[in-house]
Amino acid sequence: MNRSASIETDLVLSPFGATARELIEAAKCADESGFDGIWVLDHFSGKLVDKGWSHEPFTILGAIANSTKKVKVGPLVANMINRDPVLLASSFSSLQSLATGRAVLGMGTGAPPQTKFALEQEMIGRELEPEGVKRRERLGETIDALRSIWNGDTNFEGNYLSYKGLEAVVAPDTPLRIVVGANGRKMIELATKHADGVNIRVGPSIRELIYLAAELAPNPEFEISIHENFDYNHPYGGYFDKWVQWGVAKRVCMVSAPFDLGKISDIGERISEAIN
């Protein structure tokens, strides 16, 4: 790895089949060893991946925020279909208070109908928009509603969402930073219009999508990150010189239980030494 490389490395902790204590201990290990952020998936059923359970992310993230000192924390990504924006605003404000400004809100459209992850919505009878354009419109409106709540607006009226006479939801001086999860051009376009950053899942078109995000970025602070699996067998958890060369600010690496705390610690310290 190029020792002059400047890139952050976060971990995404999968809540499927992990105990709450395992998730918190993995986050503490990452915080102490030099990782930059900890994310948790937003899923309530382990059946999606044939596991016995999952965990509610904001509960786990609150415990993680209270048990760490440096890492950013957040859901990657909060499912807009399952979460009313007002309740989501309250949840994130509470997390941000515990994290003392370190929290970032990842947002996503939810799964398309008749796909693996749509099973959760089918379980609870939530209707899923069959058209991608409508899911994207709803996500854009959800983000607009969250911004409105943070601005102190009492009323909001959209095509999908509305509230009236809303007051006293968000704790004072609670920052709101939003990152949109994306795996294609349209979601990147949405992120650059509504969010503060985009997290792009690695796939065959990843280079093209990174360049598109850079081209459409609304300001220099817009954060472009990639989402890939964590490689325990690589000294740095995976190759990432190319991400630096392509202009990526952060790589976000998925890791599942059982967590190897020894390897996470070693890799985190190695990354920290290499980039500092």
# chains A, B, ... in the order shown; residues from 1 in each chain; ligands from 1
call {"tool": "residues_around", "arguments": {"residues": "Val104 (chain A)", "least_positions_apart": "4", "cutoff": "12 Å", "atoms": "only C-alpha atoms", "output": "ChimeraX atom specification"}}
result
/A:37-40,58,61,65,71-78,92-93,95-97,99-100,174-180,195-198,223
call {"tool": "residues_around", "arguments": {"residues": "Asp153 (chain A)", "least_positions_apart": "2", "cutoff": "9 Å", "atoms": "only C-alpha atoms", "output": "mmCIF file with N, CA and C atoms, in the first residue's frame"}}
result
data_model
loop_
_atom_site.group_PDB
_atom_site.id
_atom_site.type_symbol
_atom_site.label_atom_id
_atom_site.label_comp_id
_atom_site.auth_asym_id
_atom_site.auth_seq_id
_atom_site.Cartn_x
_atom_site.Cartn_y
_atom_site.Cartn_z
ATOM 1 N N SER A 148 -36.266 19.260 6.835
ATOM 2 C CA SER A 148 -37.298 20.183 7.295
ATOM 3 C C SER A 148 -37.459 20.115 8.814
ATOM 4 N N ILE A 149 -37.471 18.896 9.340
ATOM 5 C CA ILE A 149 -37.572 18.728 10.795
ATOM 6 C C ILE A 149 -36.384 19.381 11.492
ATOM 7 N N TRP A 150 -35.185 19.175 10.937
ATOM 8 C CA TRP A 150 -33.983 19.778 11.537
ATOM 9 C C TRP A 150 -34.005 21.308 11.455
ATOM 10 N N ASN A 151 -34.670 21.820 10.433
ATOM 11 C CA ASN A 151 -34.785 23.276 10.297
ATOM 12 C C ASN A 151 -35.823 23.871 11.231
ATOM 13 N N ASN A 155 -44.626 22.163 9.650
ATOM 14 C CA ASN A 155 -45.486 21.494 8.671
ATOM 15 C C ASN A 155 -44.667 21.015 7.475
ATOM 16 N N PHE A 156 -45.078 19.886 6.930
ATOM 17 C CA PHE A 156 -44.457 19.371 5.711
ATOM 18 C C PHE A 156 -45.523 18.627 4.915
ATOM 19 N N GLY A 165 -48.100 20.658 12.499
ATOM 20 C CA GLY A 165 -47.994 21.084 13.895
ATOM 21 C C GLY A 165 -46.911 20.348 14.660
ATOM 22 N N LEU A 166 -45.849 19.970 13.970
ATOM 23 C CA LEU A 166 -44.790 19.180 14.594
ATOM 24 C C LEU A 166 -43.813 20.105 15.320
ATOM 25 N N GLU A 167 -43.535 19.788 16.564
ATOM 26 C CA GLU A 167 -42.606 20.602 17.341
ATOM 27 C C GLU A 167 -41.776 19.722 18.276
#
call {"tool": "closest_residue", "arguments": {"among": "A:Asn199, A:Thr154, A:Glu273, A:Trp246", "to": "Asn183 (chain A)", "atoms": "only C-alpha atoms"}}
result
A:Asn199
call {"tool": "closest_residue", "arguments": {"among": "A:Ala118, A:Val170, A:Ile60, A:Met80", "to": "Glu141 (chain A)", "atoms": "only C-alpha atoms"}}
result
A:Met80
call {"tool": "closest_residue", "arguments": {"among": "A:Thr142, A:Ala191, A:Ala27, A:Phe35", "to": "Gly237 (chain A)", "atoms": "only C-alpha atoms"}}
result
A:Phe35
call {"tool": "atom_distance", "arguments": {"atom1": "CA of Gly108 (chain A)", "atom2": "CA of Pro15 (chain A)"}}
result
17.3 Å
call {"tool": "select_by_dssp", "arguments": {"residues": "region 111-166 of chain A", "states": "helix (DSSP H, G or I)", "output": "VMD selection string"}}
result
chain A and resid 116 to 123 132 to 150
call {"tool": "closest_residue", "arguments": {"among": "A:Leu98, A:Cys253, A:Leu48, A:Ala63", "to": "Ala171 (chain A)", "atoms": "only C-alpha atoms"}}
result
A:Leu98
call {"tool": "residues_around", "arguments": {"residues": "Gly203 (chain A)", "least_positions_apart": "2", "cutoff": "10 Å", "atoms": "only C-alpha atoms", "output": "list in words"}}
result
Asn183, Gly184, Ile200, Arg201, Ser205, Ile206, Arg207, Leu209, Ile226, His227 and Glu228 of chain A
call {"tool": "select_by_dssp", "arguments": {"residues": "region 148-269 of chain A", "states": "strand (DSSP E)", "output": "JSON, numbers by chain"}}
result
{"A": [156, 157, 162, 163, 178, 179, 180, 181, 182, 197, 198, 199, 200, 201, 223, 224, 225, 226, 227, 228, 229, 250, 251, 252, 253, 254, 255]}
call {"tool": "closest_residue", "arguments": {"among": "A:Val244, A:Leu13, A:Gly140, A:Val133", "to": "Glu25 (chain A)", "atoms": "only C-alpha atoms"}}
result
A:Leu13
